[in-house]
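Everything below belongs to coords.cif, which stores mmCIF, C-alpha atoms.
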data_model
loop_
_atom_site.label_atom_id
_atom_site.label_comp_id
_atom_site.auth_asym_id
_atom_site.auth_seq_id
_atom_site.Cartn_x
_atom_site.Cartn_y
_atom_site.Cartn_z
CA MET U 1 -64.70 -85.07 -21.23
CA LYS U 2 -64.98 -82.63 -18.34
CA GLU U 3 -66.42 -79.28 -19.30
CA LEU U 4 -64.22 -76.32 -18.57
CA THR U 5 -65.83 -73.69 -16.41
CA ALA U 6 -65.18 -69.99 -16.95
CA GLU U 7 -63.01 -70.05 -13.80
CA ASP U 8 -60.97 -73.02 -15.08
CA THR U 9 -60.54 -71.26 -18.39
CA SER U 10 -59.42 -67.98 -16.87
CA LEU U 11 -56.82 -69.70 -14.72
CA LEU U 12 -55.60 -71.82 -17.63
CA GLU U 13 -55.28 -68.79 -19.88
CA LEU U 14 -53.36 -66.86 -17.24
CA VAL U 15 -50.99 -69.68 -16.33
CA ASP U 16 -50.43 -70.40 -20.02
CA ARG U 17 -49.26 -66.82 -20.37
CA LEU U 18 -47.01 -66.99 -17.32
CA LEU U 19 -45.34 -70.20 -18.51
CA ASN U 20 -45.43 -69.96 -22.28
CA LYS U 21 -45.48 -66.28 -23.17
CA GLY U 22 -43.41 -63.27 -22.20
CA VAL U 23 -39.80 -62.52 -22.93
CA VAL U 24 -37.43 -65.47 -22.95
CA LEU U 25 -34.02 -64.32 -21.78
CA ALA U 26 -30.65 -66.02 -22.10
CA GLY U 27 -31.42 -69.71 -22.26
CA GLU U 28 -28.29 -70.75 -20.41
CA ALA U 29 -29.28 -68.77 -17.32
CA THR U 30 -33.00 -69.39 -17.48
CA ILE U 31 -33.05 -72.68 -15.62
CA SER U 32 -30.50 -71.81 -12.98
CA VAL U 33 -32.82 -72.17 -10.02
CA ALA U 34 -32.81 -75.64 -8.57
CA GLY U 35 -36.05 -77.50 -9.13
CA ILE U 36 -37.47 -75.29 -11.87
CA ASP U 37 -38.02 -78.23 -14.17
CA LEU U 38 -40.00 -79.95 -11.47
CA ILE U 39 -42.00 -76.81 -10.82
CA TYR U 40 -42.90 -76.53 -14.49
CA LEU U 41 -43.88 -80.15 -14.47
CA GLY U 42 -45.95 -79.63 -11.33
CA LEU U 43 -47.82 -76.68 -12.76
CA ASN U 44 -48.41 -78.46 -16.02
CA VAL U 45 -49.75 -81.47 -14.22
CA VAL U 46 -52.13 -79.25 -12.28
CA LEU U 47 -53.35 -77.77 -15.53
CA ALA U 48 -53.50 -81.08 -17.32
CA ALA U 49 -55.68 -82.35 -14.51
CA VAL U 50 -58.54 -80.36 -15.94
CA GLU U 51 -58.92 -82.69 -18.88
CA THR U 52 -55.86 -84.65 -19.85
CA ILE U 53 -55.70 -86.68 -16.69
CA GLU U 54 -59.40 -87.43 -16.97
CA LYS U 55 -58.88 -88.66 -20.48
CA ALA U 56 -56.08 -90.91 -19.31
CA GLN U 57 -58.34 -92.27 -16.58
CA GLU U 58 -61.10 -92.93 -19.09
CA ARG U 59 -58.64 -94.78 -21.30
CA ARG U 60 -57.46 -96.88 -18.37
CA ALA U 61 -61.04 -97.69 -17.37
CA SER U 62 -62.05 -98.80 -20.87
CA MET Y 1 -27.82 -64.04 -4.69
CA THR Y 2 -30.04 -65.32 -7.49
CA LEU Y 3 -32.37 -62.91 -9.24
CA LEU Y 4 -35.82 -64.11 -10.21
CA ALA Y 5 -36.86 -62.03 -13.22
CA HIS Y 6 -40.25 -60.35 -13.55
CA ALA Y 7 -40.21 -57.61 -16.17
CA ILE Y 8 -38.03 -55.48 -18.42
CA ALA Y 9 -38.51 -51.72 -18.61
CA ALA Y 10 -36.70 -48.67 -19.88
CA SER Y 11 -34.61 -46.73 -17.43
CA PRO Y 12 -35.03 -44.80 -15.26
CA PRO Y 13 -37.02 -47.25 -13.13
CA ALA Y 14 -40.40 -46.19 -11.82
CA THR Y 15 -40.74 -45.64 -8.10
CA LEU Y 16 -42.13 -48.89 -6.70
CA SER Y 17 -42.49 -50.50 -3.33
CA GLN Y 18 -39.35 -52.52 -2.70
CA GLU Y 19 -41.30 -55.68 -1.95
CA GLY Y 20 -40.87 -58.50 -4.44
CA LEU Y 21 -41.99 -62.13 -4.43
CA ARG Y 22 -42.80 -63.50 -0.94
CA GLY Y 23 -41.86 -60.12 0.52
CA ARG Y 24 -38.23 -60.46 -0.56
CA PRO Y 25 -36.41 -57.39 -1.91
CA LEU Y 26 -37.26 -56.15 -5.40
CA ALA Y 27 -34.16 -55.34 -7.45
CA TRP Y 28 -33.44 -53.26 -10.55
CA SER Y 29 -30.52 -54.29 -12.77
CA GLU Y 30 -29.71 -51.63 -15.33
CA ALA Y 31 -28.02 -52.24 -18.68
CA GLY Y 32 -27.73 -49.12 -20.83
CA ASP Y 33 -31.18 -47.62 -21.09
CA LEU Y 34 -32.96 -50.86 -20.17
CA GLY Y 35 -33.39 -52.57 -16.84
CA LEU Y 36 -34.71 -55.75 -15.31
CA TRP Y 37 -37.08 -55.88 -12.35
CA SER Y 38 -36.44 -59.01 -10.31
CA THR Y 39 -36.72 -60.44 -6.82
CA GLU Y 40 -33.62 -61.25 -4.83
CA TRP Y 41 -34.03 -64.98 -4.49
CA ALA Y 42 -32.17 -67.83 -2.87
CA PRO Y 43 -31.44 -70.81 -5.10
CA ASP Y 44 -32.53 -73.27 -2.44
CA ILE Y 45 -36.07 -71.84 -2.28
CA LYS Y 46 -38.26 -73.72 -4.68
CA LEU Y 47 -40.88 -71.87 -6.63
CA GLU Y 48 -44.43 -73.00 -6.14
CA ARG Y 49 -47.76 -72.45 -7.79
CA PRO Y 50 -48.75 -69.38 -5.70
CA ASP Y 51 -45.44 -67.80 -6.73
CA ALA Y 52 -46.58 -67.85 -10.36
CA LEU Y 53 -49.70 -65.87 -9.47
CA GLU Y 54 -47.70 -63.48 -7.30
CA HIS Y 55 -45.28 -63.02 -10.21
CA HIS Y 56 -48.34 -62.01 -12.28
CA ARG Y 57 -49.46 -59.48 -9.64
CA LEU Y 58 -45.95 -58.03 -9.48
CA ILE Y 59 -45.86 -57.60 -13.25
CA GLU Y 60 -49.24 -55.90 -13.10
CA ARG Y 61 -47.82 -53.51 -10.52
CA ILE Y 62 -44.73 -52.79 -12.61
CA CYS Y 63 -46.72 -52.36 -15.83
CA ALA Y 64 -49.06 -49.93 -14.07
CA ALA Y 65 -46.06 -47.80 -13.16
CA GLN Y 66 -44.16 -47.90 -16.48
CA PRO Y 67 -44.28 -49.71 -19.85
CA CYS Y 68 -42.80 -53.15 -19.35
CA LEU Y 69 -42.24 -56.53 -20.96
CA PRO Y 70 -43.23 -59.48 -18.77
CA VAL Y 71 -40.51 -62.11 -18.48
CA ARG Y 72 -41.46 -65.79 -18.57
CA PHE Y 73 -42.03 -67.13 -15.07
CA GLY Y 74 -39.11 -69.09 -13.68
CA THR Y 75 -36.37 -67.14 -15.43
CA ALA Y 76 -33.49 -66.62 -13.03
CA PHE Y 77 -29.98 -65.20 -13.11
CA ALA Y 78 -27.10 -66.16 -10.89
CA THR Y 79 -25.93 -62.53 -10.61
CA SER Y 80 -26.94 -59.03 -11.57
CA ASP Y 81 -24.10 -59.03 -14.13
CA ASP Y 82 -25.64 -62.07 -15.83
CA ALA Y 83 -28.97 -60.26 -16.00
CA ARG Y 84 -27.34 -57.15 -17.52
CA ALA Y 85 -25.45 -59.24 -20.07
CA SER Y 86 -28.69 -60.91 -21.10
CA LEU Y 87 -30.40 -57.55 -21.66
CA ASP Y 88 -27.39 -56.21 -23.58
CA LYS Y 89 -27.49 -59.12 -26.01
CA ARG Y 90 -31.11 -58.44 -26.97
CA ALA Y 91 -31.26 -54.66 -26.47
CA ALA Y 92 -32.51 -53.74 -29.96
CA ALA Y 93 -35.27 -56.37 -29.95
CA LEU Y 94 -36.30 -55.49 -26.40
CA HIS Y 95 -36.56 -51.80 -27.30
CA ALA Y 96 -38.74 -52.65 -30.30
CA ALA Y 97 -41.00 -54.82 -28.13
CA LEU Y 98 -41.26 -52.12 -25.47
CA THR Y 99 -42.30 -49.61 -28.12
CA ARG Y 100 -44.90 -52.08 -29.40
CA VAL Y 101 -46.57 -52.56 -26.01
CA ALA Y 102 -46.15 -49.09 -24.49
CA GLY Y 103 -49.51 -47.74 -23.37
CA LYS Y 104 -51.22 -51.00 -24.30
CA THR Y 105 -52.73 -53.87 -22.45
CA GLU Y 106 -53.84 -57.39 -23.34
CA LEU Y 107 -57.37 -58.76 -23.44
CA ALA Y 108 -58.01 -62.48 -23.71
CA LEU Y 109 -61.03 -64.11 -25.31
CA THR Y 110 -61.58 -67.85 -25.08
CA LEU Y 111 -64.46 -69.49 -26.92
CA LEU Y 112 -65.53 -72.84 -25.51
CA TRP Y 113 -67.63 -75.20 -27.61
CA ARG Y 114 -71.09 -75.62 -26.13
CA GLU Y 115 -71.22 -79.24 -27.26
CA SER Y 116 -68.53 -81.88 -27.27
CA PRO Y 117 -67.97 -83.80 -30.47
CA GLY Y 118 -70.05 -86.95 -30.10
CA PRO Y 119 -68.88 -90.42 -31.05
CA LEU Y 120 -69.28 -91.09 -34.75
CA LEU Y 121 -71.09 -94.28 -35.64
CA ILE Y 122 -70.75 -95.05 -39.27
CA GLU Y 123 -73.15 -97.67 -40.55
CA SER Y 124 -71.65 -99.70 -43.32
CA ALA Y 125 -72.56 -102.91 -44.99
CA ALA Y 126 -68.90 -103.39 -45.77
CA GLY Y 127 -66.41 -105.16 -43.53
CA PRO Y 128 -64.83 -103.81 -40.31
CA GLY Y 129 -61.79 -102.47 -42.19
CA ARG Y 130 -63.93 -100.30 -44.43
CA GLN Y 131 -66.05 -99.20 -41.47
CA TYR Y 132 -62.91 -98.21 -39.55
CA MET Y 133 -61.62 -96.15 -42.47
CA GLU Y 134 -64.97 -94.45 -42.95
CA THR Y 135 -65.15 -93.59 -39.26
CA ARG Y 136 -61.65 -92.12 -39.42
CA ARG Y 137 -62.59 -90.08 -42.47
CA ALA Y 138 -65.74 -88.79 -40.79
CA GLU Y 139 -63.78 -87.83 -37.64
CA PHE Y 140 -61.24 -85.96 -39.74
CA ALA Y 141 -64.01 -84.14 -41.60
CA ALA Y 142 -65.69 -83.20 -38.30
CA ARG Y 143 -62.38 -81.84 -36.89
CA GLU Y 144 -61.76 -79.82 -40.03
CA ALA Y 145 -65.29 -78.44 -39.94
CA ARG Y 146 -64.79 -77.31 -36.33
CA ARG Y 147 -61.45 -75.72 -37.18
CA ALA Y 148 -62.99 -73.89 -40.14
CA ARG Y 149 -65.85 -72.66 -37.94
CA ALA Y 150 -63.36 -71.46 -35.32
CA GLU Y 151 -61.35 -69.55 -37.93
CA THR Y 152 -64.55 -67.96 -39.21
CA MET Y 153 -65.31 -66.72 -35.68
CA VAL Y 154 -61.81 -65.25 -35.38
CA ASP Y 155 -62.21 -63.46 -38.71
CA ARG Y 156 -65.52 -62.04 -37.55
CA VAL Y 157 -64.10 -60.81 -34.24
CA VAL Y 158 -61.20 -59.10 -35.99
CA ALA Y 159 -63.47 -57.56 -38.65
CA GLU Y 160 -66.12 -56.31 -36.23
CA LEU Y 161 -63.62 -54.79 -33.84
CA THR Y 162 -61.58 -53.32 -36.70
CA ILE Y 163 -58.35 -54.45 -35.07
CA ASP Y 164 -55.03 -54.49 -36.85
CA ARG Y 165 -54.19 -58.18 -37.44
CA GLN Y 166 -50.71 -57.61 -36.04
CA LEU Y 167 -52.26 -56.81 -32.68
CA VAL Y 168 -54.19 -60.08 -32.58
CA TRP Y 169 -52.85 -63.51 -31.75
CA HIS Y 170 -54.96 -66.62 -31.85
CA GLU Y 171 -55.01 -70.40 -31.82
CA THR Y 172 -57.95 -72.61 -32.71
CA CYS Y 173 -59.12 -75.99 -31.45
CA THR Y 174 -56.30 -76.46 -28.93
CA SER Y 175 -58.37 -79.08 -27.11
CA ASP Y 176 -61.79 -80.71 -27.38
CA ASN Y 177 -63.28 -77.88 -25.29
CA VAL Y 178 -61.57 -74.86 -26.78
CA ALA Y 179 -62.67 -73.41 -30.11
CA VAL Y 180 -60.61 -70.23 -29.99
CA SER Y 181 -57.99 -68.73 -27.72
CA LEU Y 182 -57.43 -65.15 -28.77
CA ALA Y 183 -55.40 -62.26 -27.39
CA VAL Y 184 -55.63 -58.67 -28.51
CA LEU Y 185 -53.42 -55.72 -27.68
CA VAL Y 186 -55.45 -52.56 -27.04
CA PRO Y 187 -54.70 -49.06 -25.76
CA THR Y 188 -54.89 -49.22 -21.97
CA GLU Y 189 -57.34 -46.33 -21.72
CA GLN Y 190 -59.73 -48.13 -24.11
CA ALA Y 191 -59.47 -51.53 -22.42
CA ALA Y 192 -62.90 -51.48 -20.76
CA GLU Y 193 -64.64 -50.29 -23.91
CA ARG Y 194 -62.83 -52.82 -26.13
CA LYS Y 195 -63.59 -55.61 -23.67
CA ALA Y 196 -67.29 -54.76 -23.82
CA GLU Y 197 -67.14 -54.80 -27.63
CA LEU Y 198 -65.43 -58.20 -27.58
CA GLU Y 199 -68.13 -59.48 -25.27
CA ARG Y 200 -70.88 -58.22 -27.58
CA VAL Y 201 -69.34 -59.79 -30.69
CA ALA Y 202 -68.59 -63.10 -28.99
CA ALA Y 203 -72.11 -63.34 -27.53
CA ARG Y 204 -73.51 -63.55 -31.07
CA PHE Y 205 -71.89 -66.94 -31.72
CA PRO Y 206 -74.54 -69.50 -30.76
CA ASP Y 207 -72.25 -72.54 -30.61
CA VAL Y 208 -69.68 -71.30 -28.10
CA ILE Y 209 -69.45 -69.92 -24.57
CA PRO Y 210 -67.25 -66.82 -24.45
CA VAL Y 211 -64.86 -66.25 -21.54
CA LEU Y 212 -63.21 -62.85 -21.36
CA ASN Y 213 -60.15 -62.00 -19.29
CA GLY Y 214 -57.94 -59.03 -18.76
CA PRO Y 215 -56.84 -56.38 -19.03
CA TRP Y 216 -53.53 -58.12 -18.39
CA PRO Y 217 -49.91 -57.15 -18.95
CA PRO Y 218 -48.96 -57.77 -22.58
CA TYR Y 219 -47.64 -61.33 -22.13
CA THR Y 220 -48.55 -62.55 -25.59
CA PHE Y 221 -47.03 -59.55 -27.36
CA ALA Y 222 -43.77 -59.33 -25.41
CA ARG Y 223 -41.91 -61.97 -27.35
CA THR Y 224 -38.81 -60.84 -29.16
CA ASP Y 225 -38.08 -63.92 -31.28
#
Would you mind giving the structure from this file in structure tokens?
Amino acid sequence: MKELTAEDTSLLELVDRLLNKGVVLAGEATISVAGIDLIYLGLNVVLAAVETIEKAQERRAS
Amino acid sequence: MTLLAHAIAASPPATLSQEGLRGRPLAWSEAGDLGLWSTEWAPDIKLERPDALEHHRLIERICAAQPCLPVRFGTAFATSDDARASLDKRAAALHAALTRVAGKTELALTLLWRESPGPLLIESAAGPGRQYMETRRAEFAAREARRARAETMVDRVVAELTIDRQLVWHETCTSDNVAVSLAVLVPTEQAAERKAELERVAARFPDVIPVLNGPWPPYTFARTD
């Protein structure tokens, strides 16, 4: 398991707020910008890279 | 023209620089006595990671000028009318949330375990099935012990800071590293003092590394559902 640094943690906490907190307005209009789903996925993958991807790599290696 | 939403505020809008995300125009869409701050966006421009951080800086700028509710990053409206209709539908809840966060700011405390949970090796004279079950039981007990310890730390933080529970949000053991992720809503003018208090309380826990962030806009306390 990779240890999270204070910098990792600060960025994770902030991005978690940007993506998962805040007011959610009108669901039907929320995803009206092309590619948003991919962007969310991209950001989540970047975040997951801190530990989840490493775990997956460890599993593959074992 | 698509509008990329940033924050909701009460009208009249504060006087702000008209520069939104990536230097595009910042717009105000008013619905009754509420309004939405957004950037005039083009649907073919894809949002990228730096846009999320710029969205955060924009919200900070708006919140510094007037009480506001951050909107989740990536929320967009096809037209200003759509944005107004969305505010109208939730006006009462949005007003209540604005009242809740007015004059307040968010501090974030994350407690990281100093040590990772080690592999559990259960010695047993019994067969592999029994050994497997005993290992599983020991892992469960270890997880529960960590969770209980994390909850104890949250209780202590809340008690020592004498914070109203309604102004505290927390999660425990969200990953192997994280013991506690906690957010607290504090009066903006007391943010520095409260942050120092949080730091002092958290530093007394020997088994975790505290990471403090903020003051931030009140992301965690802006929800209306």
Step by step, work through what the PyMOL selection byres ((chain Y) within 6 of (chain U)) selects in the shown file, and finish by giving those residues as a PDB file with C-alpha atoms, keeping the file's coordinate frame.
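Contents of the output file part.pdb:
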ATOM      1  CA  PRO Y  43     -31.440 -70.810  -5.100  1.00  0.00           C
ATOM      2  CA  PRO Y  70     -43.230 -59.480 -18.770  1.00  0.00           C
ATOM      3  CA  VAL Y  71     -40.510 -62.110 -18.480  1.00  0.00           C
ATOM      4  CA  ARG Y  72     -41.460 -65.790 -18.570  1.00  0.00           C
ATOM      5  CA  PHE Y  73     -42.030 -67.130 -15.070  1.00  0.00           C
ATOM      6  CA  THR Y  75     -36.370 -67.140 -15.430  1.00  0.00           C
ATOM      7  CA  ALA Y  76     -33.490 -66.620 -13.030  1.00  0.00           C
ATOM      8  CA  PHE Y  77     -29.980 -65.200 -13.110  1.00  0.00           C
ATOM      9  CA  SER Y  86     -28.690 -60.910 -21.100  1.00  0.00           C
ATOM     10  CA  VAL Y 211     -64.860 -66.250 -21.540  1.00  0.00           C
ATOM     11  CA  TYR Y 219     -47.640 -61.330 -22.130  1.00  0.00           C
ATOM     12  CA  THR Y 220     -48.550 -62.550 -25.590  1.00  0.00           C
ATOM     13  CA  ALA Y 222     -43.770 -59.330 -25.410  1.00  0.00           C
ATOM     14  CA  ARG Y 223     -41.910 -61.970 -27.350  1.00  0.00           C
TER      15      ARG Y 223
END
Quick one: residues within 10 Å of segment 193-209 of chain Y, all atoms listed in the file counted, chain neighbours fewer than 4 positions away excluded, as a VMD selection string?
-> (chain U and resid 5 to 6) or (chain Y and resid 106 to 115 149 to 150 153 to 154 156 to 158 160 to 161 177 to 180 184 to 189 213 to 215)
Expected selection from the PyMOL selection byres ((chain Y and resi 14) around 7), given as a PyMOL selection string | chain Y and resi 12-13+15-16+65-66
So which residues touch Thr39 of chain Y within 8 Å, counting all atoms listed in the file, skipping near sequence neighbours fewer than 4 positions away, as a short mmCIF file (atom, residue, chain, number, x, y, z; two decimals) with C-alpha atoms, in the frame of the given file?
data_model
loop_
_atom_site.label_atom_id
_atom_site.label_comp_id
_atom_site.auth_asym_id
_atom_site.auth_seq_id
_atom_site.Cartn_x
_atom_site.Cartn_y
_atom_site.Cartn_z
CA LEU Y 3 -32.37 -62.91 -9.24
CA LEU Y 4 -35.82 -64.11 -10.21
CA ALA Y 5 -36.86 -62.03 -13.22
CA HIS Y 6 -40.25 -60.35 -13.55
CA GLY Y 20 -40.87 -58.50 -4.44
CA LEU Y 21 -41.99 -62.13 -4.43
CA ARG Y 24 -38.23 -60.46 -0.56
CA PRO Y 25 -36.41 -57.39 -1.91
CA LEU Y 26 -37.26 -56.15 -5.40
CA ALA Y 27 -34.16 -55.34 -7.45
#
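The space between atom CA of Val101 of chain Y and atom CA of Ala10 of chain Y spans 12.3 Å.
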Figure out the distance between atom CA of Ala7 of chain Y and atom CA of Ala31 of chain Y, please, to one decimal in Å.
-> 13.6 Å
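Here atom CA of Glu171 of chain Y is placed at a distance of 21.1 Å from atom CA of Arg100 of chain Y.
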Evaluating the PyMOL selection byres ((chain Y and resi 170) around 6) on the displayed file yields which residues, as an MDAnalysis selection string?
-> chainID Y and resid 169 171 181:182
Please, can segment 174-188 of chain Y be completed to N, CA and C atoms and returned as a short mmCIF file (atom, residue, chain, number, x, y, z; two decimals), keeping the file's coordinate frame?
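So the final result, stored in out26.cif, reads:
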data_model
loop_
_atom_site.label_atom_id
_atom_site.label_comp_id
_atom_site.auth_asym_id
_atom_site.auth_seq_id
_atom_site.Cartn_x
_atom_site.Cartn_y
_atom_site.Cartn_z
N THR Y 174 -57.46 -75.96 -29.66
CA THR Y 174 -56.30 -76.46 -28.93
C THR Y 174 -56.66 -77.66 -28.06
N SER Y 175 -57.93 -77.87 -27.81
CA SER Y 175 -58.37 -79.08 -27.11
C SER Y 175 -59.83 -79.33 -27.51
N ASP Y 176 -60.40 -80.40 -27.02
CA ASP Y 176 -61.79 -80.71 -27.38
C ASP Y 176 -62.75 -79.61 -26.94
N ASN Y 177 -62.41 -78.93 -25.83
CA ASN Y 177 -63.28 -77.88 -25.29
C ASN Y 177 -63.13 -76.54 -26.01
N VAL Y 178 -61.89 -76.24 -26.36
CA VAL Y 178 -61.57 -74.86 -26.78
C VAL Y 178 -61.70 -74.69 -28.29
N ALA Y 179 -62.55 -73.75 -28.69
CA ALA Y 179 -62.67 -73.41 -30.11
C ALA Y 179 -61.61 -72.38 -30.49
N VAL Y 180 -61.53 -71.32 -29.68
CA VAL Y 180 -60.61 -70.23 -29.99
C VAL Y 180 -59.98 -69.71 -28.71
N SER Y 181 -58.68 -69.48 -28.77
CA SER Y 181 -57.99 -68.73 -27.72
C SER Y 181 -57.38 -67.54 -28.42
N LEU Y 182 -57.82 -66.35 -28.03
CA LEU Y 182 -57.43 -65.15 -28.77
C LEU Y 182 -56.94 -64.08 -27.81
N ALA Y 183 -55.89 -63.39 -28.19
CA ALA Y 183 -55.40 -62.26 -27.39
C ALA Y 183 -55.35 -61.04 -28.30
N VAL Y 184 -55.67 -59.91 -27.73
CA VAL Y 184 -55.63 -58.67 -28.51
C VAL Y 184 -54.97 -57.58 -27.68
N LEU Y 185 -54.14 -56.80 -28.35
CA LEU Y 185 -53.42 -55.72 -27.68
C LEU Y 185 -54.18 -54.42 -27.94
N VAL Y 186 -54.62 -53.78 -26.88
CA VAL Y 186 -55.45 -52.56 -27.04
C VAL Y 186 -54.87 -51.43 -26.20
N PRO Y 187 -55.15 -50.18 -26.60
CA PRO Y 187 -54.70 -49.06 -25.76
C PRO Y 187 -55.29 -49.20 -24.35
N THR Y 188 -54.46 -48.99 -23.35
CA THR Y 188 -54.89 -49.22 -21.97
C THR Y 188 -56.14 -48.41 -21.63
#
